[in-house]
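Novice: Supplied in structure tokens, the structure appears directly below.
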Amino acid sequence: MSRFLRIVLPAAVIIAWLAVASVGGPFFGKISEVSTNDQTSFLPASADATAVQERSAEFRQASGAPAIVVLERDGGLTRSDRTAASRLADRLGDRDDVQGVSPVIPSEDGDALEIVATLTQSADTGTAVEAIRADVDDALPSGLQGYVTGPAGFTADLTEAFAGIDGLLLGVALAAVFVILIVVYRSPLLPVLVLGTASFALCASILVVWRLAKAGIVTVNGQVQGILSILVIGAATDYALLYTARYREALRDHRTGWDATRAALRGSLEPILASGGTVIVGVLCLLFSDLNSNKALGPVAAIGIAFSLLAALTLLPALLLAFRRAAFWPLRPAHGSAHPVVTGPDAKGLWASVGRLVARRSRIVWVVCTVGLLAMGAGLFGLRADGVPQSDLVIGASQARDGQEVLADHFPGGSGSPAQVIGSESRIEELAAAVADVRGVDGVVAASKDSPSGTTPVSGGSDGAGGSGSATWAPTVSRGDVLLEATLSDPADSAAAEQTVRDLRTAVERVDPGALVGGVTATALDTNDTGIRDRSVIIPIVLAVILVILMLLLRSIVAPLVLIGSVIVSFAAALGVGALVFDLVFHFPGADPSVPLYSFVFLVALGVDYNIFLMTRVREESLVHGPREGVLRGLGVTGGVITSAGIVLAATFAALGVIPILFLAQIAFVVAFGVLLDTVVVRSLLVPALTLELGRRAWWPSRLSRAAHHM
């Protein structure tokens with residue numbers, strides 16, 4: 001290739017990425033514009049709660065979420081408290097973002113008042129609730145405590161918790177990675193080039209995801225948004241570290257940067273593509289999910305990994321070619337200098353010592369590692385991953401959670417968040433009676449567009465909190481159906497309320513087999529049930545797909561089975577330790593069903609990454625030096641870079657813990673701890689020891705298994 005093209009080609013690559021970053025960079029702050037945290041939108045279309053949500057507007061005026069204002073004074077309310085509450089209700093009713101306000105509802109014990117302010121359909125829930133809370137604070141006399149809770153309150157608290165996901169999360173992750181790279185490479189420039197590559201990959205990813213979300217092709221929520229940033233930064237840095245290690249080796253063997261670049265690409269292209277492809281296929285398996293929130297992550301994460309691969313194989317080589325040896329200053333690799341000795345009696349350093357240990361005591365090493373990992377996995381028996389109450393999703397302060405506790409102390413716990421039943425109008429009385437007879441139901445009303453309150457009493461059931469006194473209005477009928485609303489005795493996000501909904505579904509099915517039960521509690525229930533189903537379906541699919549990829553990559557059957565088995569044991573250990581830490585240290589109330597699923601997908605896909613980095617190099621060295629020496633050389637050469645990559649990835653996932661969301665904090669711990677297990681124990685000790693123990697059989701049926709080299 002001419003000298004002109006050797007200059008122009010990398011320059012063109014850098015300029016192209018600069019252009020992408022300049023366009024995609026501004027979308028960092030805009031991704032939240034196309035994000036939604038509405039739980040119902042992530043349910044499958046087949047779920048009862050989804051069908052009820054879609055049809056509810058047929059029976060009443062379309063509206064947003066209800067914000068429940070609860071006022072409490074210890075020792076009993078005063079006359080001035082009731083006057084202030086009435087004024088507050090009038091003030092809320094005058095707001096443009098509030099569609100309707102209930103009368104002030106006193107509690108039976110005389111210590112609390114309740115006001116239900118239903119938001120307009122177009123209102124921004126977070127902004128509206130913030131303003132309502134300000135109105136409540138302004139209107140309350142001294143000693144009267146006020147809270148804004150209910151579905152709108154919880155959504156607002158969740159939105160506020162996600163507020164730092166664009167800036168804080170990314171800043172913490174980048175800072176952690178930068179410090180690690182400085183320590184590892186002791187170079188001021190190389191970390192900048194690596195993080196620049198990762199940041200440009202994230203810019204491109206966010207740009208594409210924003211466009212697709214805007215067009216309605218993919219769905220983005222706060223969880224997906226946070227995981228995308230972490231995944232791209234971590235994966236792009238990993239791939240960049242692998243290429244950088246190969247490039248540094250090549251600079252010792254080649255005089256020119258161009259020749260070193262070609263050699264580095266030849267050596268790293270296959271493992272990087274295989275690793276990235278494995279992660280892409282792994283996350284795309286989430287498309288088999290029935291839960292739309294899981295489906296949403298699949299293509300978004302795949303886009304992020306694809307741009308991570310592209311940046312690591314185009315932008316980073318161009319940048320390193322531009323800086324050549326200066327990128328590693330002050331420890332620049334000189335042309336013709338000797339490669340570090342990684343095996344034999346003259347080998348020194350940590351990885352030479354690890355190699356000698358594995359070579360001398362391979363059986364003891366793999367047995368001890370396996371037993372230790374299985375012991376850690378025993379914690380799985382205490383894992384509670386069947387869902388958590390909505391009130392526990394936010395870690396730390398939550399006014400909605402505090403208000404829900406006050407509400408449950410003085411009113412039916414499900415006030416403002418009723419279970420909704422859609423059934424035949426011809427059986428309305430039987431349905432109402434069946435609903436009212438279910439334990440845990442405090443009252444039943446029917447939806448009515450004609451009623452000022454939006455509901456009307458129905459014979460056969462008791463008049464609940466939303467009733468309209470002595471006036472009776474005709475229930476709204478749509479397509480031969482009516483909508484009943486059942487106020488639950490327990491908080492809408494409690495296990496008791498979920499059991500009530502299960503009982504409701506059984507009761508109404510006896511009266512009307514076509515009846516549907518939805519609402520806030522049913523949405524949470526259907527989400528958890530679907531999430532548990534997804535775990536059982538997707539985990540085997542991910543294992544099967546990745547196993548096939550490894551077999552094709554390593555030209556072997558035995559080695560891929562060893563790798564998959566090691567990663568499964570490592571995942572069980574990470575989740576088992578996580579279950580113990582969540583329960584005994586942090587005292588978490590449980591876990592979302594998606595925590596084990598997401599942890600599995602990331603740990604298996606990313607854990608296999610490190611085994612791919614190791615085993616492709618082992619295979620390469622084995623073809624030249626024989627299976628035994630190949631294992632030791634592969635371990636010694638890749639030890640530093642894979643460990644660095646693992647620490648970087650663990651640090652980036654750990655950064656998710658700065659966002660006060662229970663789901664993200666649990667994902668952060670399990671994945672970070674699991675990645676460290678993969679790099680320090682599985683890849684460094686277990687896999688090399690097992691490969692040595694198996695000898696040539698590890699590579700069966702490839703020609704390497706029939707090689708003339710002796711172990």
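Letters for chains follow the order of the structure tokens (A, B, ...), residue numbers begin at 1 for each chain, and ligand numbers begin at 1 in the order shown.
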Taking only region 353-398 of chain A into account, list the residues labelled alpha helix (DSSP H) by DSSP (computed from the backbone), as an MDAnalysis selection string.

Specialist: chainID A and resid 353:360 362:377

Novice: Kindly indicate which residue among A:Val577, A:Val545, A:Ile557, A:Ala419 lies nearest to Phe381 (chain A), using only C-alpha atoms for the distances.

Specialist: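 Of A:Val577, A:Val545, A:Ile557, A:Ala419, the one nearest Phe381 (chain A), counting only C-alpha atoms, is A:Val577.
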
Novice: Excluding same-chain residues fewer than 3 positions from Gln420 (chain A), what lies within 10 Å of it counting only C-alpha atoms, as a list in words?

Specialist: Ala49, Val52, Gln53, Ser56, Ser417, Gly423, Val444, Val445, Ala446, Ala447, Leu483, Leu484, Glu485, Ala486, Thr487, Val501, Leu504, Leu516, Val517, Gly518, Gly519, Val520, Thr521 and Ala522 of chain A

Novice: Rank nothing, just name the residue among A:Ser107, A:Ser424, A:Thr455, A:Ser494 nearest to Asp392 (chain A), using only C-alpha atoms.

Specialist: A:Ser494

Novice: Residues near Val548 (chain A), anyone? I mean within 9 Å using only C-alpha atoms, not counting same-chain ones fewer than 5 positions away, as a list of chain:residue names.

Specialist: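 Non-adjacent residues within range: A:Leu543, A:Leu553, A:Pro560.
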
Novice: For Arg91 (chain A), please output as a PyMOL selection string all residues within 12 Å (counting only C-alpha atoms; exclusion window: fewer than 4 positions along the same chain).

Specialist: chain A and resi 84-87+95-98+100-101+115+117+131-132+134-136+138-139

Novice: Restricting the calculation to only C-alpha atoms: of A:Asp529, A:Ser22, A:Leu656, A:Leu563, which residue gets closest to Gly222 (chain A)?

Specialist: A:Leu656

Novice: Between A:Leu649, A:Val637, A:Ala176, A:Ala591, which has the minimum distance to Ile532 (chain A) (counting only C-alpha atoms)?

Specialist: A:Ala591
